[in-house]
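Taking it in order: structure first as structure tokens, then the write-up.
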Amino acid sequence: MLETTALPRKATLPPPLDTRYQVETPEGIDLPLRPAGLMVRALAFSIDLGLRGLILGVLFIVLAFLGKLGAGLGSILLFGVSWWYMVLFEVLNQGRSPGKQWMGLRVVHDDGTPIGWSASLIRNLLRFVDMLPFGYFLGAISCLQHPHFKRLGDLAAGTLVIYREQPLTRPQLPDAQPRRPAFALTLPEQRAVLGFAERQGELSEARSHELASILAQPLQVPAPRAVAELNAIARGLLGPA
């Protein structure tokens, strides 16, 4: 009878930490989002807190001249600014309060769609839970424990704080007549040529010619005209403006 020995099973490792959040749109397109961490969110909230304090301070100074009427109006304004400041900005300004806009953040639903009234109300009304027992303790613990840095209000509302998408700009290349290289370039070679053209303005003339001569030989470009030829190839790779 043959004896078999069981091979030890390899321990399953936890998945690596990833700061990307992938969303699939109804059209089947994968939309990568970047959730914002605790520190940048705390800075954005501090900016909003300072702005609210400034607004209330100015209003209270004006209302102080109205006596009892001013005190009543002040209570209403205190409630409105404290509870509706974030909601109004998030819904009416594409998920961005002034603090979030300053830090390049915005709030969206879990599926990447713009935040609505109900979700914004839920996440902001539950701030008092995140503040328990003091100083946003529960909210900070939730952000640190969640893979996408959600506080309790975000979990209840199904929302996500992400970095705002930055518009893509085409790199500025030197003026040259576009031309095709003598042979098909690999992706690293294309990146090398484009990188040379993009950084040319930061380099001295001697350094530009030195780098161009290195790239010129494998690309079958004459050394005296290496810079101009490489700029023309880069223009051709980038396509029409």
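Ordering of the structure tokens sets the chain letters (A, B, ...); residue numbers start at 1 within each chain; ligands are numbered from 1 in the order shown.
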
**OP:** Determine, counting only C-alpha atoms, which protein, DNA and RNA residues have an atom within 9 Å of an atom of region 41-48 of chain A; residues of the same chain fewer than 3 positions away are not included. Present the result as a list in words.
**Re:**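 With the cut-off at 9 Å, the set is Ala36, Gly37, Leu38, Leu51, Arg52, Gly53, Tyr85, Met86, Ser97, Pro98, Gly99, Lys100, Gln101, Trp102, Met103, Leu105 and Val161 of chain A.
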
Subject >> Separation of CA of Gly104 (chain A) from CA of Arg199 (chain A) in Å >> reply: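 Going from CA of Arg199 (chain A) over to CA of Gly104 (chain A) covers 26.8 Å.
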
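For region 24-97 of chain A, a DSSP pass over the backbone yields strand (DSSP E or B) at Glu24, Asp30, Leu31, Pro32, Leu33 and Pro35 of chain A.
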
Subject >> One-decimal distance in Å that lies between CA of Thr159 (chain A) and CA of Glu90 (chain A) >> reply: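 Interatomic distance here is 11.5 Å.
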
Subject >> For Leu211 (chain A): contacts at 10 Å, only C-alpha atoms, fewer than 6 positions along chain excluded, given as a list in words >> reply: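 Final neighbour list, sorted by chain and number: Phe196, Gln200, Leu203, Ala226 and Val227 of chain A.
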
Could you save those same residues with C-alpha atoms as a CSV table (one decimal), in the first residue's frame?
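Dumped everything to part_8.csv:
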```csv
chain,number,residue,atom,x,y,z
A,196,PHE,CA,13.0,63.8,-25.6
A,200,GLN,CA,13.7,69.7,-24.9
A,203,LEU,CA,17.5,71.1,-21.6
A,226,ALA,CA,19.3,64.5,-35.0
A,227,VAL,CA,17.4,67.0,-33.0
```

Subject >> helix (DSSP H, G or I) per DSSP on the backbone: members of region 106-221 of chain A, as JSON, numbers by chain >> reply: {"A": [117, 118, 119, 120, 121, 122, 123, 124, 125, 127, 128, 129, 130, 137, 138, 139, 140, 141, 142, 143, 144, 145, 152, 153, 154, 155, 156, 157, 187, 188, 189, 190, 191, 192, 193, 194, 195, 196, 197, 198, 199, 200, 201, 202, 205, 206, 207, 208, 209, 210, 211, 212, 213, 214, 215, 216]}

Dump as a PDB file, in the first residue's frame, selection limited to C-alpha atoms:
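Result written to out05.pdb:
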```pdb
ATOM      1  CA  TRP A 117     -30.115  65.163  -2.153  1.00  0.00           C
ATOM      2  CA  SER A 118     -30.965  62.056  -0.145  1.00  0.00           C
ATOM      3  CA  ALA A 119     -27.425  60.669  -0.138  1.00  0.00           C
ATOM      4  CA  SER A 120     -25.913  64.036   0.783  1.00  0.00           C
ATOM      5  CA  LEU A 121     -28.425  64.518   3.613  1.00  0.00           C
ATOM      6  CA  ILE A 122     -27.735  61.058   5.038  1.00  0.00           C
ATOM      7  CA  ARG A 123     -23.937  61.358   4.951  1.00  0.00           C
ATOM      8  CA  ASN A 124     -23.987  64.817   6.532  1.00  0.00           C
ATOM      9  CA  LEU A 125     -26.667  64.136   9.156  1.00  0.00           C
ATOM     10  CA  ARG A 127     -21.605  63.311  11.028  1.00  0.00           C
ATOM     11  CA  PHE A 128     -22.660  63.449  14.678  1.00  0.00           C
ATOM     12  CA  VAL A 129     -22.171  59.659  14.815  1.00  0.00           C
ATOM     13  CA  ASP A 130     -18.722  59.943  13.208  1.00  0.00           C
ATOM     14  CA  PHE A 137     -12.923  59.336  16.486  1.00  0.00           C
ATOM     15  CA  LEU A 138     -15.377  56.828  14.976  1.00  0.00           C
ATOM     16  CA  GLY A 139     -15.174  58.461  11.561  1.00  0.00           C
ATOM     17  CA  ALA A 140     -11.359  58.299  11.578  1.00  0.00           C
ATOM     18  CA  ILE A 141     -11.346  54.650  12.653  1.00  0.00           C
ATOM     19  CA  SER A 142     -13.843  53.790   9.898  1.00  0.00           C
ATOM     20  CA  CYS A 143     -11.734  55.587   7.257  1.00  0.00           C
ATOM     21  CA  LEU A 144      -8.581  53.801   8.328  1.00  0.00           C
ATOM     22  CA  GLN A 145     -10.240  50.382   8.371  1.00  0.00           C
ATOM     23  CA  LEU A 152     -19.819  55.761   8.714  1.00  0.00           C
ATOM     24  CA  GLY A 153     -21.867  58.408   6.917  1.00  0.00           C
ATOM     25  CA  ASP A 154     -20.482  57.270   3.565  1.00  0.00           C
ATOM     26  CA  LEU A 155     -21.295  53.648   4.351  1.00  0.00           C
ATOM     27  CA  ALA A 156     -24.899  54.529   5.180  1.00  0.00           C
ATOM     28  CA  ALA A 157     -25.371  56.842   2.183  1.00  0.00           C
ATOM     29  CA  LEU A 187       6.437  51.290 -27.363  1.00  0.00           C
ATOM     30  CA  PRO A 188       9.562  52.078 -25.232  1.00  0.00           C
ATOM     31  CA  GLU A 189      11.213  53.658 -28.286  1.00  0.00           C
ATOM     32  CA  GLN A 190       8.136  55.790 -28.957  1.00  0.00           C
ATOM     33  CA  ARG A 191       8.119  56.918 -25.324  1.00  0.00           C
ATOM     34  CA  ALA A 192      11.828  57.764 -25.535  1.00  0.00           C
ATOM     35  CA  VAL A 193      11.335  59.927 -28.631  1.00  0.00           C
ATOM     36  CA  LEU A 194       8.270  61.695 -27.215  1.00  0.00           C
ATOM     37  CA  GLY A 195       9.996  62.199 -23.845  1.00  0.00           C
ATOM     38  CA  PHE A 196      12.960  63.792 -25.578  1.00  0.00           C
ATOM     39  CA  ALA A 197      10.742  66.201 -27.522  1.00  0.00           C
ATOM     40  CA  GLU A 198       8.625  67.100 -24.471  1.00  0.00           C
ATOM     41  CA  ARG A 199      11.628  67.850 -22.246  1.00  0.00           C
ATOM     42  CA  GLN A 200      13.677  69.655 -24.895  1.00  0.00           C
ATOM     43  CA  GLY A 201      12.696  73.078 -23.577  1.00  0.00           C
ATOM     44  CA  GLU A 202      14.183  72.205 -20.167  1.00  0.00           C
ATOM     45  CA  GLU A 205      21.368  73.035 -26.499  1.00  0.00           C
ATOM     46  CA  ALA A 206      24.477  70.933 -25.855  1.00  0.00           C
ATOM     47  CA  ARG A 207      22.519  68.437 -23.730  1.00  0.00           C
ATOM     48  CA  SER A 208      19.786  68.206 -26.384  1.00  0.00           C
ATOM     49  CA  HIS A 209      22.323  67.358 -29.083  1.00  0.00           C
ATOM     50  CA  GLU A 210      24.016  64.835 -26.775  1.00  0.00           C
ATOM     51  CA  LEU A 211      20.762  62.971 -26.079  1.00  0.00           C
ATOM     52  CA  ALA A 212      19.648  63.225 -29.712  1.00  0.00           C
ATOM     53  CA  SER A 213      22.895  61.627 -30.892  1.00  0.00           C
ATOM     54  CA  ILE A 214      22.215  58.631 -28.596  1.00  0.00           C
ATOM     55  CA  LEU A 215      18.726  58.161 -30.044  1.00  0.00           C
ATOM     56  CA  ALA A 216      19.765  58.969 -33.593  1.00  0.00           C
TER      57      ALA A 216
END
```

Original post:
With distances taken over only C-alpha atoms, which of A:Pro178, A:Gly135, A:Gly57, A:Gly112 is nearest to Leu77 (chain A)?
Top reply: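 Comparing A:Pro178, A:Gly135, A:Gly57, A:Gly112 against Leu77 (chain A), the winner is A:Gly57.
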
Subject >> Spatial neighbours of Arg34 (chain A), max dist 7 Å, only C-alpha atoms, sep filter under 4 positions, as a list in words >> reply: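 Here the answer would be Thr19, Arg20, Tyr21, Ile162 and Tyr163 of chain A.
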